[in-house]
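Just below is one structure, and these are the notes that go with it.
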Amino acid sequence: MARINEHYAKLPASYLFPEIGRRVRAYQAAHSDANVIRLGIGDVTEPLAPAIVEAMHAAVEEMGKRETFRGYGPEQGYDFLVEAIRQHDYAARGVDIAADEIFVSDGSKCDSGNVQEIFASAARIAITDPVYPVYVDSNVMAGRTGAAGSDGRYSGLVYLVGNEANGFQPDPPAETVDIVYLCSPNNPTGTVATRAQLERWVAWAREKEAVILFDAAYEGYISDPALPRSIYEIPGAKECALELRSFSKRAGFTGVRCAFMVVPKAVTGVDPSGKRVSLNALWARRHTTKFNGASYIVQRGAAAAYSTAGLAQTNAQIAFYMENARLLREGLTAAGFTIYGGVHAPYLWIRTTGGATSWQFFDQLLEKAQVVGTPGAGFGPAGEGYFRLSAFNSRANIEEAIARIRKAFG
């Protein structure tokens, strides 16, 4: 008899976004004429930039000719993409990252879940709350937690509460942990860590010999040049932090799939004998064993995002989404809502009205305005009483959603 991984039984019956989909389908089945506007899942809506499309078309043509056809590529990523990443994302900001410290993948969601495999099962994990659910669920699946308590928190995890008092940017924990997941600009709250806040985190990690898993998937949405886009802009971070980056939001690759993770060779862990081991070597072993590399066609498209035309076109898309965020933020603030985020990230974090729970507000928004968002409670217990709206949509839909919400809750 095949025995299952018992830790899966600790998880909720449904991942957050499929549950949202189920509720929306049920509503639409009962209201077939409803024009539902979806501002829930953070999925881009604008088509791929022309420079990216052109590069991918050229790559397809190459794959159709014997003399330029490619089979398996380098698991870590083709040199043309790795070098573009090194130059544009790091060297341009004064950071030196070696080519063999960059690992191209098919998505940051995958990387953020897979990276926990290289750490001991007994590793103590800290996460911010509210939090991107994958950080929690992947560690639950790995057996690093007990069951969820009545408050929704798993025993064995250290929860760092983000709230209005601390600007949804909690301080490092007082207790000892091995690994902490950080995300800035933050998903779901849309807030961003300052240089001083990241300096405190790096100092803490170096003192405690902990590792920071820094998710910078939304760095392209930061508009203030004084704010760090990479944790490696902080001195000492290359000794204690791994960084995740994605093309999903910065270049519209949610359906194309390409990302990368930086694993500096100076970041180490301790094996059972107490010997220091390079996490770079461990991740390289895991990556080459379980991954055959992102598609050549996709990597050509990702590299084109760094071309002169590609940067102009993708930055224009980011500006479009951030204008959507501004319209949502200003329009709903004028309607009396308390809103965070939406300045350096495409997400707005809204306090629910009238004492409604997150899911009650979800149902109210769907019933009264035919607008879909994401209940804050789905991001952790500290998200209760809040709601996330995404700026990823057409301008017409954003303007219509604002009008509907203001009418329904005005």
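In the structure tokens, each chain is lettered A, B, ... as it comes, each chain's residues begin at 1, and ligands are numbered from 1 in order of appearance.
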Exercise for the section: May I have the residues within 12 Å of region 272-279 of chain A as a ChimeraX atom specification, using only C-alpha atoms and disregarding those fewer than 2 positions away in the same chain? Expected result: /A:101,115-122,209,211,213,238-242,262-270,281-287
Store the residues picked out above, limited to C-alpha atoms, as a PDB file, in the first residue's frame.
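Wrote it out as selection.pdb, contents follow:
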ATOM      1  CA  GLU A 101      25.867  32.602  -8.515  1.00  0.00           C
ATOM      2  CA  VAL A 115      14.844  26.195  -1.902  1.00  0.00           C
ATOM      3  CA  GLN A 116      13.711  24.877   1.465  1.00  0.00           C
ATOM      4  CA  GLU A 117      14.882  21.402   0.331  1.00  0.00           C
ATOM      5  CA  ILE A 118      18.537  22.313   0.909  1.00  0.00           C
ATOM      6  CA  PHE A 119      17.937  23.088   4.582  1.00  0.00           C
ATOM      7  CA  ALA A 120      17.630  20.608   7.441  1.00  0.00           C
ATOM      8  CA  SER A 121      14.181  19.335   8.300  1.00  0.00           C
ATOM      9  CA  ALA A 122      14.735  20.695  11.808  1.00  0.00           C
ATOM     10  CA  GLU A 209      24.270  33.214  11.462  1.00  0.00           C
ATOM     11  CA  VAL A 211      19.913  33.021   6.179  1.00  0.00           C
ATOM     12  CA  LEU A 213      15.475  34.343   1.614  1.00  0.00           C
ATOM     13  CA  LYS A 238      26.231  38.508   0.143  1.00  0.00           C
ATOM     14  CA  GLU A 239      27.288  36.559   3.258  1.00  0.00           C
ATOM     15  CA  CYS A 240      23.763  35.894   4.530  1.00  0.00           C
ATOM     16  CA  ALA A 241      21.085  36.291   1.826  1.00  0.00           C
ATOM     17  CA  LEU A 242      19.678  34.509  -1.213  1.00  0.00           C
ATOM     18  CA  VAL A 262      21.019  34.449  -6.745  1.00  0.00           C
ATOM     19  CA  VAL A 263      22.958  32.214  -4.359  1.00  0.00           C
ATOM     20  CA  PRO A 264      26.283  33.852  -3.415  1.00  0.00           C
ATOM     21  CA  LYS A 265      29.098  31.425  -2.737  1.00  0.00           C
ATOM     22  CA  ALA A 266      29.834  33.163   0.569  1.00  0.00           C
ATOM     23  CA  VAL A 267      26.478  32.130   2.091  1.00  0.00           C
ATOM     24  CA  THR A 268      26.945  28.957   4.106  1.00  0.00           C
ATOM     25  CA  GLY A 269      25.105  26.515   6.320  1.00  0.00           C
ATOM     26  CA  VAL A 270      26.326  23.913   8.788  1.00  0.00           C
ATOM     27  CA  ALA A 281      27.082  24.186  -4.094  1.00  0.00           C
ATOM     28  CA  LEU A 282      23.994  22.604  -2.529  1.00  0.00           C
ATOM     29  CA  TRP A 283      21.591  24.571  -4.726  1.00  0.00           C
ATOM     30  CA  ALA A 284      23.655  23.792  -7.832  1.00  0.00           C
ATOM     31  CA  ARG A 285      23.391  20.089  -6.966  1.00  0.00           C
ATOM     32  CA  ARG A 286      19.648  20.318  -6.424  1.00  0.00           C
ATOM     33  CA  HIS A 287      19.095  22.492  -9.513  1.00  0.00           C
TER      34      HIS A 287
END
Handout entry: Members of region 112-334 of chain A assigned alpha helix (DSSP H) by DSSP, as a count of residues only
Key = 74
Practice task
For each of A:Ser32, A:Gln299, A:Thr353, A:Ser223, take the minimum atom-to-atom distance to Phe409 (chain A), counting only C-alpha atoms, then give the residue where this is smallest.
Solution key: A:Thr353
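In this comparison, which uses only C-alpha atoms, the residue of A:Ala49, A:Val371, A:Ile37, A:Ala403 approaching Ala334 (chain A) most closely is A:Ala403.
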Problem - Near-region 184-191 of chain A list (6 Å; only C-alpha atoms; drop same-chain fewer than 4 positions) as a ChimeraX atom specification - result: /A:216,218,341-342,345,347-349
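Taking CA of Ile231 (chain A) and CA of Gly156 (chain A) as the two end points, the separation is 26.6 Å.
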